[in-house]
Amino acid sequence: MAILEQALDRGLRGEGLSGEEAIELTALADSHVFEMLSVTDKVRRRHKGMEVNLCSIVNAKSGLCKEDCSFCAQSIKYDTGVREYPMLPAETIVEAAKMAESTGAREFSIVTSGTKIEKEQDISILTETLKSMKDAVGMERCASLGILKRDVMKTLKESGLESYHHNLETSASFFPNICTTHGYEEDVQAVRTAKELGFYVCSGGIFGIGETWEDRIELAETLKKLDVDSIPVNFLNPRPGTPLEGAKNLSPIDCLRIIAVFRLMMPRKDIVICGGRHVNLRDLQSLIFAAGANGMMIGNYLTTPGREPGADMQMLKDLGLKPRGTVR
Ligand code: SF4
């Protein structure tokens, strides 16, 4: 197929397909998806080798969020029964980091609900945590704290934060369908600020929320323009009580196709599979690497349990892949 030959040639050279070209891949019949995976596997190996980024997170401040993201159990607008608590103490977050390191994670992200961290007390907990983590664990320090002001991001960087995570979730066109309490441009600006401050920036989205292929490709083009370093890919695991509780899961082949299209549009970037992996991919989850992913989240997700980390480590071993060390 001409589009796959073109994707391979360009991908090996590190040049991604344009959105217009990528849309052709979305029209390939499911029976041809495995041919696409043989292309994405070669492209991933060329740029990422056989190493896999393993990251883990802690939900450091849960629930009580004033935003209305329709996929999220942490919004106060929905009755989801999610645990609610303010910022955890520094010692608890550091303990969670140690635990994550013992299961094999090499990046650790402090995640908080909401779009802002404004209380002085919360900022000092975060700076104290980051400083303690430098001695306590050998993992890369990442955080996902919303749309932070530049000076707060800068303070955290000076305290040892290395990566900043902020998902755009979906395309600008589709965003008003999933969130009405803040604008897409505020999220884009947070990503720009993190890039300007020199963070390694993770920004991606969530799929299976009612978006079209055009939306997925629009998101990929936006991330490409922003030159983010890593793209977290989440698949919706519908949460009871949210507006999307009745959404139908993506098929495993849909998930693989999404990963593959992102790899072929951004051949050199890190692509990390996060929430909803085992629920959506089921027995096909080991194919995420052939589809182009070079990382995955291990352990629990924000509000839902993940797979047992030992099973994920065994999967990597069986595939001949190995966890990447911490030097980026
Ligand atoms: S995704 Fe973030 S901002 Fe949106 S409702 Fe959930 S916690 Fe709040």
# chains A, B, ... in the order shown; residues from 1 in each chain; ligands from 1
>>> residues_near_ligand(ligand="ligand 1", cutoff="6 Å", atoms="only C-alpha atoms and all ligand atoms", output="list in words")
Cys65, Glu67, Asp68, Cys69, Cys72, Gln74, Ser75, Ser113, Gly114 and Thr115 of chain A
>>> write_last_selection(atoms="all heavy atoms", output="PDB file, in the first residue's frame")
ATOM      1  N   CYS A  65     -12.808  19.095  42.278  1.00  0.00           N
ATOM      2  CA  CYS A  65     -12.438  19.993  41.181  1.00  0.00           C
ATOM      3  C   CYS A  65     -13.656  20.734  40.637  1.00  0.00           C
ATOM      4  O   CYS A  65     -14.708  20.135  40.407  1.00  0.00           O
ATOM      5  CB  CYS A  65     -11.775  19.190  40.063  1.00  0.00           C
ATOM      6  SG  CYS A  65     -11.378  20.243  38.663  1.00  0.00           S
ATOM      7  N   GLU A  67     -13.939  22.138  37.739  1.00  0.00           N
ATOM      8  CA  GLU A  67     -14.110  22.026  36.281  1.00  0.00           C
ATOM      9  C   GLU A  67     -15.141  20.935  35.967  1.00  0.00           C
ATOM     10  O   GLU A  67     -15.503  20.155  36.855  1.00  0.00           O
ATOM     11  CB  GLU A  67     -12.767  21.683  35.635  1.00  0.00           C
ATOM     12  CG  GLU A  67     -11.661  22.670  35.940  1.00  0.00           C
ATOM     13  CD  GLU A  67     -11.875  24.035  35.293  1.00  0.00           C
ATOM     14  OE1 GLU A  67     -12.338  24.072  34.148  1.00  0.00           O
ATOM     15  OE2 GLU A  67     -11.585  25.051  35.946  1.00  0.00           O
ATOM     16  N   ASP A  68     -15.567  20.878  34.697  1.00  0.00           N
ATOM     17  CA  ASP A  68     -16.625  19.906  34.371  1.00  0.00           C
ATOM     18  C   ASP A  68     -16.231  18.923  33.259  1.00  0.00           C
ATOM     19  O   ASP A  68     -17.088  18.518  32.463  1.00  0.00           O
ATOM     20  CB  ASP A  68     -17.928  20.641  34.011  1.00  0.00           C
ATOM     21  CG  ASP A  68     -17.807  21.422  32.689  1.00  0.00           C
ATOM     22  OD1 ASP A  68     -16.681  21.536  32.154  1.00  0.00           O
ATOM     23  OD2 ASP A  68     -18.836  21.911  32.194  1.00  0.00           O
ATOM     24  N   CYS A  69     -14.954  18.540  33.214  1.00  0.00           N
ATOM     25  CA  CYS A  69     -14.505  17.603  32.159  1.00  0.00           C
ATOM     26  C   CYS A  69     -15.383  16.342  32.220  1.00  0.00           C
ATOM     27  O   CYS A  69     -15.453  15.679  33.263  1.00  0.00           O
ATOM     28  CB  CYS A  69     -13.041  17.245  32.349  1.00  0.00           C
ATOM     29  SG  CYS A  69     -12.000  18.714  32.495  1.00  0.00           S
ATOM     30  N   CYS A  72     -14.266  12.848  33.657  1.00  0.00           N
ATOM     31  CA  CYS A  72     -13.469  12.797  34.875  1.00  0.00           C
ATOM     32  C   CYS A  72     -14.304  12.593  36.135  1.00  0.00           C
ATOM     33  O   CYS A  72     -15.286  13.300  36.379  1.00  0.00           O
ATOM     34  CB  CYS A  72     -12.661  14.087  34.995  1.00  0.00           C
ATOM     35  SG  CYS A  72     -11.608  14.085  36.451  1.00  0.00           S
ATOM     36  N   GLN A  74     -13.340  13.271  39.047  1.00  0.00           N
ATOM     37  CA  GLN A  74     -12.907  14.160  40.135  1.00  0.00           C
ATOM     38  C   GLN A  74     -13.624  15.509  40.162  1.00  0.00           C
ATOM     39  O   GLN A  74     -13.340  16.353  41.003  1.00  0.00           O
ATOM     40  CB  GLN A  74     -11.403  14.383  40.042  1.00  0.00           C
ATOM     41  CG  GLN A  74     -10.629  13.088  40.139  1.00  0.00           C
ATOM     42  CD  GLN A  74      -9.188  13.320  40.531  1.00  0.00           C
ATOM     43  OE1 GLN A  74      -8.891  13.611  41.673  1.00  0.00           O
ATOM     44  NE2 GLN A  74      -8.295  13.237  39.566  1.00  0.00           N
ATOM     45  N   SER A  75     -14.561  15.710  39.226  1.00  0.00           N
ATOM     46  CA  SER A  75     -15.299  16.973  39.178  1.00  0.00           C
ATOM     47  C   SER A  75     -16.390  16.993  40.246  1.00  0.00           C
ATOM     48  O   SER A  75     -17.103  16.000  40.417  1.00  0.00           O
ATOM     49  CB  SER A  75     -15.925  17.115  37.786  1.00  0.00           C
ATOM     50  OG  SER A  75     -16.887  18.130  37.809  1.00  0.00           O
ATOM     51  N   SER A 113      -5.739  17.239  41.327  1.00  0.00           N
ATOM     52  CA  SER A 113      -6.970  17.580  40.623  1.00  0.00           C
ATOM     53  C   SER A 113      -7.070  19.098  40.502  1.00  0.00           C
ATOM     54  O   SER A 113      -6.433  19.836  41.263  1.00  0.00           O
ATOM     55  CB  SER A 113      -8.176  17.037  41.398  1.00  0.00           C
ATOM     56  OG  SER A 113      -8.175  17.595  42.690  1.00  0.00           O
ATOM     57  N   GLY A 114      -7.887  19.532  39.540  1.00  0.00           N
ATOM     58  CA  GLY A 114      -8.105  20.973  39.391  1.00  0.00           C
ATOM     59  C   GLY A 114      -7.137  21.587  38.404  1.00  0.00           C
ATOM     60  O   GLY A 114      -6.216  20.925  37.924  1.00  0.00           O
ATOM     61  N   THR A 115      -7.355  22.873  38.135  1.00  0.00           N
ATOM     62  CA  THR A 115      -6.492  23.527  37.140  1.00  0.00           C
ATOM     63  C   THR A 115      -5.473  24.470  37.773  1.00  0.00           C
ATOM     64  O   THR A 115      -4.667  25.051  37.068  1.00  0.00           O
ATOM     65  CB  THR A 115      -7.351  24.349  36.151  1.00  0.00           C
ATOM     66  OG1 THR A 115      -8.221  25.182  36.910  1.00  0.00           O
ATOM     67  CG2 THR A 115      -8.151  23.468  35.221  1.00  0.00           C
TER      68      THR A 115
END
>>> closest_atom_pairs(of="segment 102-216 of chain A", to="segment 86-90 of chain A", cutoff="12 Å", atoms="only C-alpha atoms", output="JSON lines")
{"residue": "A:Ile110", "atom": "CA", "partner": "A:Leu88", "partner_atom": "CA", "distance": 10.3}
{"residue": "A:Val111", "atom": "CA", "partner": "A:Met87", "partner_atom": "CA", "distance": 9.9}
{"residue": "A:Thr112", "atom": "CA", "partner": "A:Met87", "partner_atom": "CA", "distance": 7.7}
{"residue": "A:Ser113", "atom": "CA", "partner": "A:Pro86", "partner_atom": "CA", "distance": 9.4}
{"residue": "A:Gly114", "atom": "CA", "partner": "A:Pro86", "partner_atom": "CA", "distance": 11.1}
{"residue": "A:Ile117", "atom": "CA", "partner": "A:Met87", "partner_atom": "CA", "distance": 9.9}
{"residue": "A:Glu118", "atom": "CA", "partner": "A:Met87", "partner_atom": "CA", "distance": 11.8}
{"residue": "A:Lys119", "atom": "CA", "partner": "A:Met87", "partner_atom": "CA", "distance": 10.2}
{"residue": "A:Glu120", "atom": "CA", "partner": "A:Met87", "partner_atom": "CA", "distance": 11.7}
{"residue": "A:Gln121", "atom": "CA", "partner": "A:Met87", "partner_atom": "CA", "distance": 9.1}
{"residue": "A:Asp122", "atom": "CA", "partner": "A:Met87", "partner_atom": "CA", "distance": 6.5}
{"residue": "A:Ile123", "atom": "CA", "partner": "A:Met87", "partner_atom": "CA", "distance": 9.7}
{"residue": "A:Ser124", "atom": "CA", "partner": "A:Ala90", "partner_atom": "CA", "distance": 9.1}
{"residue": "A:Ile125", "atom": "CA", "partner": "A:Ala90", "partner_atom": "CA", "distance": 5.6}
{"residue": "A:Leu126", "atom": "CA", "partner": "A:Ala90", "partner_atom": "CA", "distance": 7.0}
{"residue": "A:Thr127", "atom": "CA", "partner": "A:Ala90", "partner_atom": "CA", "distance": 8.8}
{"residue": "A:Glu128", "atom": "CA", "partner": "A:Ala90", "partner_atom": "CA", "distance": 6.4}
{"residue": "A:Thr129", "atom": "CA", "partner": "A:Ala90", "partner_atom": "CA", "distance": 4.8}
{"residue": "A:Leu130", "atom": "CA", "partner": "A:Ala90", "partner_atom": "CA", "distance": 8.6}
{"residue": "A:Lys131", "atom": "CA", "partner": "A:Ala90", "partner_atom": "CA", "distance": 9.8}
{"residue": "A:Ser132", "atom": "CA", "partner": "A:Ala90", "partner_atom": "CA", "distance": 8.2}
{"residue": "A:Met133", "atom": "CA", "partner": "A:Ala90", "partner_atom": "CA", "distance": 9.5}
{"residue": "A:Ala136", "atom": "CA", "partner": "A:Ala90", "partner_atom": "CA", "distance": 12.0}
{"residue": "A:Leu145", "atom": "CA", "partner": "A:Met87", "partner_atom": "CA", "distance": 11.2}
>>> residues_around(residues="segment 207-222 of chain A", least_positions_apart="5", cutoff="10 Å", atoms="only C-alpha atoms", output="ChimeraX atom specification")
/A:17-20,22-23,26-27,70-71,168-175,177-178,188,227-228,231,233-238,244,247-251,254-255,258,261-263,265-266,276,280
>>> select_by_dssp(residues="segment 200-264 of chain A", states="strand (DSSP E)", output="JSON, numbers by chain")
{"A": [200, 201, 202, 205, 206, 207, 230, 231, 232, 233, 234, 235]}
>>> closest_residue(among="A:Ile93, A:Cys274, A:Met153, A:Val33", to="Met297 of chain A", atoms="only C-alpha atoms")
A:Cys274
>>> select_by_dssp(residues="segment 119-173 of chain A", states="alpha helix (DSSP H)", output="number ranges by chain")
A: 120-136, 150-158
>>> closest_atom_pairs(of="segment 25-127 of chain A", to="segment 283-289 of chain A", cutoff="12 Å", atoms="only C-alpha atoms", output="CSV")
residue,atom,partner,partner_atom,distance
A:Val33,CA,A:Leu287,CA,11.4
A:Phe34,CA,A:Leu287,CA,9.8
A:Met36,CA,A:Leu287,CA,11.9
A:Leu37,CA,A:Leu287,CA,8.4
A:Ser38,CA,A:Phe289,CA,10.6
A:Val39,CA,A:Phe289,CA,11.6
A:Thr40,CA,A:Phe289,CA,8.6
A:Asp41,CA,A:Phe289,CA,6.9
A:Lys42,CA,A:Phe289,CA,10.3
A:Val43,CA,A:Phe289,CA,10.7
A:Arg44,CA,A:Phe289,CA,7.9
A:Arg45,CA,A:Phe289,CA,9.4
A:Lys48,CA,A:Phe289,CA,10.5
A:Gly49,CA,A:Phe289,CA,10.8
A:Met50,CA,A:Phe289,CA,9.4
A:Glu51,CA,A:Phe289,CA,10.2
A:Val52,CA,A:Phe289,CA,8.8
A:Asn53,CA,A:Phe289,CA,11.2
>>> closest_residue(among="A:Leu321, A:Leu148, A:Leu264, A:Ala143", to="Gln6 of chain A", atoms="only C-alpha atoms")
A:Leu264
>>> closest_residue(among="A:Arg83, A:Arg46, A:Lys149, A:Lys154", to="Arg10 of chain A", atoms="only C-alpha atoms")
A:Arg46
>>> atom_distance(atom1="atom CA of Arg106 of chain A", atom2="atom CA of Gly14 of chain A")
25.5 Å
>>> atom_distance(atom1="atom CA of Glu196 of chain A", atom2="atom CA of Lys157 of chain A")
12.0 Å
